[in-house]
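Student: File final.txt below, compact mmCIF, C-alpha atoms:
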```txt
# COMPACT_ATOMS: atom_id res chain seq x y z
CA MET A 1 -5.52 8.56 16.14
CA GLN A 2 -5.11 8.92 12.39
CA ALA A 3 -1.35 8.96 12.97
CA ALA A 4 -1.64 5.84 15.14
CA LEU A 5 -3.61 4.13 12.37
CA ARG A 6 -0.88 4.97 9.87
CA GLU A 7 1.62 3.36 12.21
CA ALA A 8 -0.57 0.26 12.60
CA ARG A 9 -0.89 -0.17 8.83
CA ARG A 10 2.87 -0.65 8.63
CA GLY A 11 2.37 -4.01 10.35
CA ILE A 12 -0.45 -5.37 8.17
CA GLY A 13 0.44 -8.85 6.94
CA LEU A 14 3.41 -9.16 9.32
CA THR A 15 1.98 -9.60 12.83
CA SER A 16 -0.34 -12.63 12.55
CA PRO A 17 -1.68 -14.25 14.64
CA ASN A 18 -1.45 -10.97 16.55
CA PRO A 19 -3.35 -7.86 15.46
CA ALA A 20 -1.72 -4.89 13.75
CA VAL A 21 -1.51 -2.04 16.28
CA GLY A 22 -0.12 1.48 16.20
CA ALA A 23 0.62 4.03 18.92
CA VAL A 24 1.76 7.65 19.13
CA LEU A 25 2.67 9.82 22.11
CA VAL A 26 1.55 13.46 21.95
CA LEU A 27 3.09 16.26 24.01
CA SER A 28 2.24 19.95 23.57
CA GLN A 29 0.17 19.09 20.47
CA ALA A 30 3.14 17.43 18.78
CA ILE A 31 3.88 13.74 18.20
CA VAL A 32 7.06 12.98 20.14
CA ALA A 33 7.22 9.17 19.71
CA ARG A 34 5.70 6.50 17.48
CA GLY A 35 5.51 2.74 17.47
CA HIS A 36 3.84 -0.20 15.76
CA HIS A 37 3.73 -3.94 16.29
CA ARG A 38 6.23 -5.35 13.80
CA ARG A 39 5.78 -9.11 14.17
CA ALA A 40 4.49 -11.73 16.59
CA GLY A 41 6.90 -11.93 19.52
CA ALA A 42 8.26 -8.42 18.98
CA PRO A 43 7.41 -5.53 21.36
CA HIS A 44 3.86 -4.29 21.07
CA ALA A 45 3.12 -0.85 19.64
CA GLU A 46 2.74 0.86 23.03
CA VAL A 47 6.03 -0.51 24.31
CA GLU A 48 7.88 0.44 21.12
CA CYS A 49 6.46 3.95 21.30
CA LEU A 50 7.32 4.46 24.98
CA THR A 51 10.78 2.98 24.48
CA GLN A 52 11.39 5.43 21.65
CA PHE A 53 10.41 8.30 23.97
CA GLY A 54 12.97 6.95 26.42
CA ARG A 55 12.04 8.69 29.66
CA THR A 56 9.21 9.16 32.13
CA VAL A 57 6.13 10.46 30.35
CA PRO A 58 5.02 13.96 31.47
CA LYS A 59 1.55 14.16 33.02
CA SER A 60 0.37 16.47 30.24
CA ALA A 61 1.21 13.93 27.50
CA THR A 62 -1.40 11.67 25.86
CA LEU A 63 -0.80 8.19 24.47
CA TYR A 64 -2.97 7.20 21.50
CA VAL A 65 -3.26 3.50 20.62
CA THR A 66 -5.49 1.82 18.02
CA LEU A 67 -6.37 -1.23 20.17
CA GLU A 68 -6.96 -1.78 23.87
CA PRO A 69 -3.59 -2.57 25.53
CA CYS A 70 -3.10 -6.20 26.48
CA SER A 71 -3.32 -7.11 30.16
CA THR A 72 -1.93 -10.65 30.07
CA THR A 73 1.48 -12.21 29.55
CA GLY A 74 2.09 -13.96 26.23
CA ARG A 75 5.33 -13.81 24.28
CA THR A 76 5.71 -10.37 25.82
CA GLY A 77 4.64 -8.82 29.10
CA PRO A 78 1.36 -6.94 29.58
CA CYS A 79 1.29 -3.53 27.89
CA THR A 80 -0.83 -2.23 30.77
CA ASN A 81 2.18 -2.65 33.07
CA ALA A 82 4.47 -0.80 30.64
CA ILE A 83 1.99 2.09 30.35
CA ILE A 84 1.61 2.42 34.12
CA ASP A 85 5.37 2.14 34.73
CA ALA A 86 6.11 4.80 32.09
CA GLY A 87 3.99 7.34 33.94
CA VAL A 88 1.26 7.77 31.32
CA LYS A 89 -1.72 9.65 32.76
CA LYS A 90 -3.86 10.15 29.64
CA LEU A 91 -4.72 7.37 27.21
CA VAL A 92 -6.94 7.36 24.10
CA ILE A 93 -7.96 3.97 22.65
CA GLY A 94 -9.45 3.29 19.24
CA ALA A 95 -11.10 -0.12 19.69
CA LEU A 96 -11.72 -2.65 22.44
CA ASP A 97 -9.86 -5.95 22.35
CA PRO A 98 -12.27 -8.33 20.52
CA ASN A 99 -11.06 -11.32 22.54
CA PRO A 100 -14.02 -12.10 24.85
CA SER A 101 -11.58 -13.18 27.55
CA HIS A 102 -9.76 -9.84 27.51
CA ALA A 103 -12.21 -7.16 26.35
CA GLY A 104 -12.29 -4.29 28.84
CA ARG A 105 -9.87 -5.83 31.33
CA GLY A 106 -6.93 -3.73 30.24
CA ILE A 107 -9.01 -0.58 30.47
CA ASP A 108 -10.22 -1.47 33.97
CA ARG A 109 -6.67 -2.05 35.13
CA LEU A 110 -5.46 1.25 33.70
CA LYS A 111 -8.33 3.21 35.26
CA LYS A 112 -7.62 1.65 38.66
CA ALA A 113 -4.04 2.89 38.29
CA GLY A 114 -5.36 6.44 38.01
CA ILE A 115 -5.05 6.83 34.24
CA SER A 116 -7.68 8.83 32.34
CA VAL A 117 -8.92 6.55 29.55
CA ARG A 118 -11.05 7.50 26.55
CA VAL A 119 -12.32 4.71 24.29
CA GLY A 120 -13.87 4.62 20.80
CA VAL A 121 -12.01 7.29 18.84
CA LEU A 122 -12.14 6.27 15.15
CA SER A 123 -13.44 2.92 16.39
CA ASP A 124 -14.73 1.71 13.01
CA GLU A 125 -11.41 2.37 11.28
CA CYS A 126 -9.48 0.71 14.11
CA CYS A 127 -11.72 -2.37 14.02
CA ALA A 128 -11.56 -2.67 10.22
CA LEU A 129 -7.77 -2.68 10.41
CA ASN A 130 -7.87 -6.15 12.00
CA GLU A 131 -10.89 -7.78 10.37
CA SER A 132 -9.07 -11.11 10.03
CA TYR A 133 -7.85 -11.18 13.62
CA ASN A 134 -11.26 -10.11 14.91
CA LYS A 135 -13.04 -13.02 13.24
CA TRP A 136 -10.40 -15.60 14.13
CA ILE A 137 -10.10 -14.64 17.79
CA GLN A 138 -13.88 -14.86 18.27
CA THR A 139 -14.73 -17.90 16.12
CA GLY A 140 -11.52 -19.85 15.60
CA LEU A 141 -12.09 -19.62 11.83
CA PRO A 142 -9.92 -17.64 9.41
CA PHE A 143 -11.26 -14.65 7.53
CA VAL A 144 -11.93 -15.82 3.95
CA ILE A 145 -11.35 -13.65 0.89
CA ALA A 146 -12.51 -14.97 -2.48
CA LYS A 147 -10.46 -13.48 -5.29
CA CYS A 148 -10.29 -14.12 -9.02
CA GLY A 149 -9.71 -12.46 -12.38
CA MET A 150 -12.60 -13.05 -14.76
CA SER A 151 -14.27 -11.96 -17.97
CA LEU A 152 -17.49 -9.97 -17.94
CA ASP A 153 -19.44 -13.16 -18.63
CA GLY A 154 -18.01 -14.80 -15.52
CA ARG A 155 -15.35 -17.00 -17.09
CA LEU A 156 -11.94 -17.74 -15.58
CA THR A 157 -9.97 -18.78 -18.64
CA ALA A 158 -9.12 -17.59 -22.12
CA PRO A 159 -9.67 -19.78 -25.18
CA PRO A 160 -7.22 -22.71 -25.63
CA ARG A 161 -3.68 -21.95 -26.82
CA GLU A 162 -3.90 -18.33 -25.71
CA SER A 163 -2.37 -16.60 -22.68
CA ARG A 164 -4.04 -17.77 -19.49
CA TRP A 165 -4.30 -14.17 -18.28
CA LEU A 166 -7.59 -12.37 -18.80
CA THR A 167 -6.77 -9.37 -16.63
CA SER A 168 -4.01 -6.81 -17.11
CA SER A 169 -0.55 -6.84 -15.55
CA ALA A 170 -1.66 -3.91 -13.37
CA SER A 171 -4.47 -6.02 -11.90
CA ARG A 172 -2.11 -8.90 -11.28
CA ARG A 173 0.29 -6.60 -9.42
CA ASP A 174 -2.59 -5.37 -7.29
CA ALA A 175 -3.59 -8.96 -6.51
CA ARG A 176 -0.06 -9.74 -5.34
CA ARG A 177 -0.36 -6.89 -2.85
CA LEU A 178 -3.44 -8.64 -1.49
CA ARG A 179 -1.41 -11.84 -1.06
CA ALA A 180 1.01 -9.93 1.15
CA GLN A 181 -1.81 -9.28 3.64
CA VAL A 182 -2.96 -12.87 4.27
CA ASP A 183 -1.65 -15.90 6.12
CA ALA A 184 -2.47 -18.51 3.48
CA ILE A 185 -3.46 -18.90 -0.16
CA LEU A 186 -5.85 -21.72 -1.05
CA VAL A 187 -6.35 -23.24 -4.51
CA GLY A 188 -7.83 -26.40 -5.93
CA ALA A 189 -5.91 -29.18 -7.65
CA GLU A 190 -7.13 -28.21 -11.12
CA THR A 191 -5.59 -24.75 -10.75
CA VAL A 192 -2.22 -26.33 -10.00
CA ARG A 193 -2.51 -28.72 -12.96
CA ALA A 194 -3.72 -26.16 -15.49
CA ASP A 195 -1.87 -23.00 -14.49
CA ASN A 196 1.19 -24.14 -12.50
CA PRO A 197 0.93 -20.94 -10.42
CA ARG A 198 3.63 -19.60 -8.13
CA LEU A 199 1.23 -18.23 -5.50
CA THR A 200 4.00 -15.99 -4.20
CA VAL A 201 4.32 -12.40 -3.05
CA ARG A 202 6.50 -10.54 -5.53
CA GLY A 203 7.46 -6.89 -5.73
CA GLN A 204 6.45 -6.26 -2.09
CA ARG A 205 9.49 -5.24 -0.11
CA GLY A 206 9.61 -6.79 3.35
CA ALA A 207 6.41 -8.80 2.81
CA ARG A 208 5.91 -12.22 4.34
CA GLN A 209 5.19 -15.17 2.05
CA PRO A 210 1.82 -16.79 2.89
CA LYS A 211 1.50 -20.52 3.30
CA ARG A 212 0.14 -22.32 0.24
CA ILE A 213 -2.73 -24.78 0.60
CA VAL A 214 -3.96 -27.14 -2.12
CA LEU A 215 -7.28 -28.97 -1.90
CA SER A 216 -7.17 -32.19 -3.93
CA ARG A 217 -9.58 -35.10 -3.75
CA SER A 218 -7.22 -37.54 -5.47
CA GLY A 219 -3.91 -36.15 -4.29
CA ARG A 220 -2.59 -36.62 -7.83
CA LEU A 221 -0.64 -33.49 -8.53
CA PRO A 222 2.38 -32.75 -10.77
CA LEU A 223 5.45 -33.20 -8.60
CA LYS A 224 7.37 -30.67 -10.71
CA ALA A 225 4.83 -27.92 -10.09
CA ARG A 226 6.37 -24.66 -8.92
CA ILE A 227 4.72 -24.81 -5.51
CA PHE A 228 6.50 -28.12 -4.80
CA THR A 229 9.93 -27.18 -6.12
CA ASP A 230 10.61 -23.53 -5.27
CA ARG A 231 12.20 -22.15 -2.09
CA PHE A 232 8.81 -22.00 -0.33
CA ALA A 233 7.99 -25.66 -1.01
CA ALA A 234 8.18 -26.57 2.69
CA ASP A 235 5.26 -24.22 3.36
CA THR A 236 3.00 -25.90 0.79
CA THR A 237 0.44 -28.36 2.17
CA VAL A 238 -1.91 -30.65 0.26
CA TYR A 239 -5.20 -31.68 1.84
CA GLY A 240 -7.03 -34.71 0.48
CA ASN A 241 -10.77 -35.38 0.35
CA THR A 242 -11.62 -32.75 2.96
CA ASP A 243 -14.72 -30.62 3.32
CA LEU A 244 -13.86 -26.97 2.85
CA LYS A 245 -15.32 -25.86 6.18
CA THR A 246 -13.43 -28.63 7.98
CA LEU A 247 -10.27 -27.49 6.25
CA LEU A 248 -10.82 -23.91 7.41
CA GLN A 249 -11.34 -25.12 10.97
CA GLU A 250 -8.04 -26.99 10.73
CA LEU A 251 -6.25 -23.92 9.40
CA GLY A 252 -7.73 -21.79 12.18
CA SER A 253 -6.40 -24.24 14.77
CA ARG A 254 -2.97 -23.69 13.22
CA LYS A 255 -3.30 -19.94 13.95
CA ILE A 256 -3.94 -19.05 10.34
CA THR A 257 -6.20 -16.02 10.67
CA SER A 258 -6.84 -15.25 6.98
CA VAL A 259 -7.18 -17.30 3.80
CA LEU A 260 -7.21 -16.04 0.22
CA ILE A 261 -9.06 -18.41 -2.12
CA GLU A 262 -7.62 -17.91 -5.61
CA GLY A 263 -9.46 -20.65 -7.47
CA GLY A 264 -10.39 -22.55 -9.30
CA GLY A 265 -14.06 -22.36 -9.92
CA GLU A 266 -14.87 -25.54 -8.01
CA VAL A 267 -13.31 -24.27 -4.78
CA LEU A 268 -14.82 -20.82 -5.21
CA GLY A 269 -18.22 -22.44 -5.84
CA GLN A 270 -17.93 -24.57 -2.70
CA ALA A 271 -17.06 -21.52 -0.62
CA LEU A 272 -20.07 -19.67 -2.03
CA ASP A 273 -22.49 -22.58 -1.50
CA GLN A 274 -21.31 -23.14 2.08
CA GLN A 275 -21.45 -19.44 2.93
CA LEU A 276 -17.80 -19.38 3.96
CA ILE A 277 -16.82 -16.17 2.17
CA ASP A 278 -16.30 -12.99 4.19
CA LYS A 279 -14.99 -10.72 1.45
CA ILE A 280 -14.96 -10.71 -2.35
CA GLN A 281 -12.29 -9.19 -4.57
CA LEU A 282 -12.98 -9.59 -8.30
CA TYR A 283 -10.93 -8.26 -11.19
CA LEU A 284 -13.18 -7.86 -14.24
CA ALA A 285 -11.54 -7.78 -17.66
CA PRO A 286 -13.48 -6.04 -20.48
CA LEU A 287 -13.93 -9.33 -22.36
CA PHE A 288 -16.58 -11.92 -23.16
CA THR A 289 -14.90 -15.30 -23.62
CA GLY A 290 -17.59 -17.95 -23.17
CA GLY A 291 -16.31 -21.42 -22.39
CA PRO A 292 -16.88 -23.87 -19.56
CA LYS A 293 -14.69 -22.46 -16.76
CA ILE A 294 -17.18 -20.46 -14.69
CA ALA A 295 -15.85 -18.45 -11.75
CA PHE A 296 -18.46 -19.53 -9.17
CA PRO A 297 -20.30 -22.60 -10.51
CA GLY A 298 -21.63 -24.09 -7.27
CA GLY A 299 -25.14 -25.37 -6.73
CA GLY A 300 -26.86 -21.99 -6.83
CA VAL A 301 -29.57 -20.65 -4.54
CA GLY A 302 -33.27 -21.38 -4.42
CA SER A 303 -34.25 -17.71 -4.65
CA THR A 304 -32.63 -14.31 -4.90
CA GLN A 305 -33.52 -13.74 -1.25
CA GLU A 306 -31.00 -16.48 -0.39
CA ALA A 307 -28.23 -14.96 -2.51
CA LEU A 308 -25.00 -13.64 -1.12
CA ARG A 309 -25.16 -9.86 -1.21
CA LEU A 310 -22.29 -7.44 -0.91
CA THR A 311 -22.01 -4.48 1.42
CA GLN A 312 -19.40 -1.71 1.55
CA ILE A 313 -18.92 -2.18 -2.19
CA ARG A 314 -16.01 -0.42 -3.85
CA TYR A 315 -15.24 -0.12 -7.56
CA GLU A 316 -11.76 0.77 -8.74
CA LYS A 317 -10.46 1.04 -12.28
CA ILE A 318 -7.07 -0.64 -12.64
CA GLY A 319 -5.71 -0.28 -16.14
CA PRO A 320 -8.47 -1.54 -18.47
CA ASP A 321 -10.02 -3.65 -15.70
CA VAL A 322 -12.44 -2.94 -12.87
CA CYS A 323 -11.75 -4.26 -9.38
CA VAL A 324 -14.90 -4.91 -7.33
CA THR A 325 -14.57 -5.48 -3.58
CA GLY A 326 -17.26 -6.00 -0.97
CA TYR A 327 -18.16 -7.82 2.20
CA ALA A 328 -20.47 -10.83 2.22
CA SER A 329 -23.93 -10.46 3.71
CA HIS A 330 -25.64 -13.85 3.48
CA ASN A 331 -29.40 -14.26 3.23
CA SER A 332 -30.03 -10.54 3.55
CA GLY A 333 -32.35 -10.11 0.60
CA THR A 334 -35.73 -8.47 1.01
CA ALA A 335 -38.80 -9.34 -1.04
CA GLU A 336 -40.40 -6.49 -2.99
```
Taking this structure as input, can you express it in the form of structure tokens?

Tutor:
Amino acid sequence: MQAALREARRGIGLTSPNPAVGAVLVLSQAIVARGHHRRAGAPHAEVECLTQFGRTVPKSATLYVTLEPCSTTGRTGPCTNAIIDAGVKKLVIGALDPNPSHAGRGIDRLKKAGISVRVGVLSDECCALNESYNKWIQTGLPFVIAKCGMSLDGRLTAPPRESRWLTSSASRRDARRLRAQVDAILVGAETVRADNPRLTVRGQRGARQPKRIVLSRSGRLPLKARIFTDRFAADTTVYGNTDLKTLLQELGSRKITSVLIEGGGEVLGQALDQQLIDKIQLYLAPLFTGGPKIAFPGGGVGSTQEALRLTQIRYEKIGPDVCVTGYASHNSGTAE
């Protein structure tokens, strides 16, 4: 299953709105075929793996797949049919399909066809692989990552007339890798006016460029901004006086399963106040800058018990900076 997970990770950022899935076929304790889902509309991992094997599967072979095989027809046929037709007799599955309409149906069909099915091997790792898809398929809302580079005193900008970058080039390269994993990047109008960002994936071979979303109350934005004039301009959308949650619902209806909020402070503060954040990724520069541009201004909470708390926290040193990541756990505080 670890090998199947490695295959699945090759599709991260490329398969949306489908999940990233990997599969391997094992015969005589050796992997004889591999496959992963490459993009929406392309063959699924199981089909790619079985096609690579190219012949009827021996009864002693075992197929490992990170996600329950699909049992319905979409852009491609059901993987359950392909597995049955290939002669597979032993199947190991990492995680159930999170779609309430499908969960367990593929497994039932395979068992009725006489296939031995084991479920739940490395289930947590297999589920975590598709955290964006899992949320979107069950709620219709995209998975929201709040990301920013900031000083230790919580500021987003350097003093006037200095470089706008607080964090190191190594941190910025790492952040661009994060962009390659999401469907859309969201910023506020002030970020476009002040920074003229590209919001592109660079230095990531084969990566897909996310859509770019700008939230602007007035709609008054510089027409010569990079996001309106570069080769990805057609994939840039400006939303007017729209509530952030309403905007996320709209994006979810457009099959955008993940959104990276990159600023500015006003948008990040709104997301925090409205409890819309699923994951935080902060790059902390070893600086104290002061100044008015606070990373998460917002309205604040009435008590620490109401504060957003992070779980599964990870700290990583990147150059001189520290990257802090964690998952949002709202209203989970406990009085002492």

Student: Kindly indicate which residue among A:Gln305, A:Ser258, A:Thr311, A:Ser218 lies nearest to Ala328 (chain A), using all atoms listed in the file for the distances.

Tutor: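 Among the listed residues, the smallest separation from Ala328 (chain A) belongs to A:Thr311.
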
Student: Between A:Leu122, A:Ile83, A:Ala61, A:Val322, which one has atoms that come closest to Gln2 (chain A), using all atoms listed in the file?

Tutor: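 Nearest candidate to Gln2 (chain A) out of A:Leu122, A:Ile83, A:Ala61, A:Val322: A:Leu122.
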
Student: With a distance cut-off of 10 Å and only C-alpha atoms, select the neighbouring residues of Gln138 (chain A), excluding the residue or stretch itself and same-chain residues fewer than 4 positions from it, and output the selection as a PDB file with C-alpha atoms, keeping the file's coordinate frame.

Tutor:
```pdb
ATOM      1  CA  PRO A  98     -12.270  -8.330  20.520  1.00  0.00           C
ATOM      2  CA  ASN A  99     -11.060 -11.320  22.540  1.00  0.00           C
ATOM      3  CA  PRO A 100     -14.020 -12.100  24.850  1.00  0.00           C
ATOM      4  CA  SER A 101     -11.580 -13.180  27.550  1.00  0.00           C
ATOM      5  CA  TYR A 133      -7.850 -11.180  13.620  1.00  0.00           C
ATOM      6  CA  ASN A 134     -11.260 -10.110  14.910  1.00  0.00           C
TER       7      ASN A 134
END
```

Student: Give as a PyMOL selection string each residue that has an atom at most 12 Å from (0.2, -6.8, 27.2) in the file, counting only C-alpha atoms.

Tutor: chain A and resi 18+37+41-47+67-84+97+102+105-107+109-110

Student: Using all atoms listed in the file, determine which residues lie at most 10 Å from Leu25 (chain A), disregarding the query and same-chain residues fewer than 3 positions distant; provide the list as a ChimeraX atom specification.

Tutor: /A:4,29-35,46,49-50,52-53,57,61-65,88,90-91

Student: Quick one, how far is CA of Gln209 (chain A) from CA of Gln181 (chain A)?

Tutor: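 Those two atoms sit 9.3 Å apart.
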
Student: Quick one: pull the distance between CA of Ile12 (chain A) and CA of Leu129 (chain A), Å, one decimal.

Tutor: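 Atom-to-atom, CA of Ile12 (chain A) to CA of Leu129 (chain A), that is 8.1 Å.
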
Student: At most 6 Å from (-14.2, -11.7, -4.8), file frame, only C-alpha atoms: which residues, as JSON, numbers by chain?

Tutor: {"A": [146, 147, 280, 281, 282]}

Student: What does the structure give for the distance between CA of Gly94 (chain A) and CA of Val24 (chain A), in Å to one decimal?

Tutor: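 Here the two named atoms are 12.0 Å from each other.
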
Student: Check the smallest atom-to-atom distance from each of A:Leu287, A:Val238, A:Met1, A:Ala271 to Gly219 (chain A) using only C-alpha atoms, then report the winner.

Tutor: A:Val238

Student: For Arg38 (chain A), which residue among A:Arg172, A:Gly291, A:Ile93, A:Arg208 is the nearest when counting only C-alpha atoms?

Tutor: A:Arg208

Student: Extract, using all atoms listed in the file, all DNA, RNA and protein residues at most 12 Å from Cys323 (chain A), discarding same-chain residues fewer than 6 positions from it, and format them as a VMD selection string.

Tutor: chain A and resid 147 to 152 167 to 168 170 to 172 174 to 175 280 to 286 313 to 317

Student: With only C-alpha atoms as the atoms that count, which of A:Arg176, A:His330, A:Arg39, A:Arg309 lies nearest to Arg205 (chain A)?

Tutor: A:Arg176

Student: So, counting only C-alpha atoms, which residue among A:Ala86, A:Leu310, A:Val182, A:Gly11 is closest to Val144 (chain A)?

Tutor: A:Val182

Student: Determine, counting only C-alpha atoms, which protein, DNA and RNA residues have an atom within 12 Å of an atom of Leu251 (chain A); residues of the same chain fewer than 6 positions away are not included. Present the result as a PyMOL selection string.

Tutor: chain A and resi 17+136+140-144+183-186+211-213+237+239+244-245+257-259

Student: With C-alpha atoms retained, could you export that selection as a compact mmCIF listing (two decimals), keeping the file's coordinate frame?

Tutor:
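Saved result, part32.txt, follows:
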```txt
# COMPACT_ATOMS: atom_id res chain seq x y z
CA PRO A 17 -1.68 -14.25 14.64
CA TRP A 136 -10.40 -15.60 14.13
CA GLY A 140 -11.52 -19.85 15.60
CA LEU A 141 -12.09 -19.62 11.83
CA PRO A 142 -9.92 -17.64 9.41
CA PHE A 143 -11.26 -14.65 7.53
CA VAL A 144 -11.93 -15.82 3.95
CA ASP A 183 -1.65 -15.90 6.12
CA ALA A 184 -2.47 -18.51 3.48
CA ILE A 185 -3.46 -18.90 -0.16
CA LEU A 186 -5.85 -21.72 -1.05
CA LYS A 211 1.50 -20.52 3.30
CA ARG A 212 0.14 -22.32 0.24
CA ILE A 213 -2.73 -24.78 0.60
CA THR A 237 0.44 -28.36 2.17
CA TYR A 239 -5.20 -31.68 1.84
CA LEU A 244 -13.86 -26.97 2.85
CA LYS A 245 -15.32 -25.86 6.18
CA THR A 257 -6.20 -16.02 10.67
CA SER A 258 -6.84 -15.25 6.98
CA VAL A 259 -7.18 -17.30 3.80
```
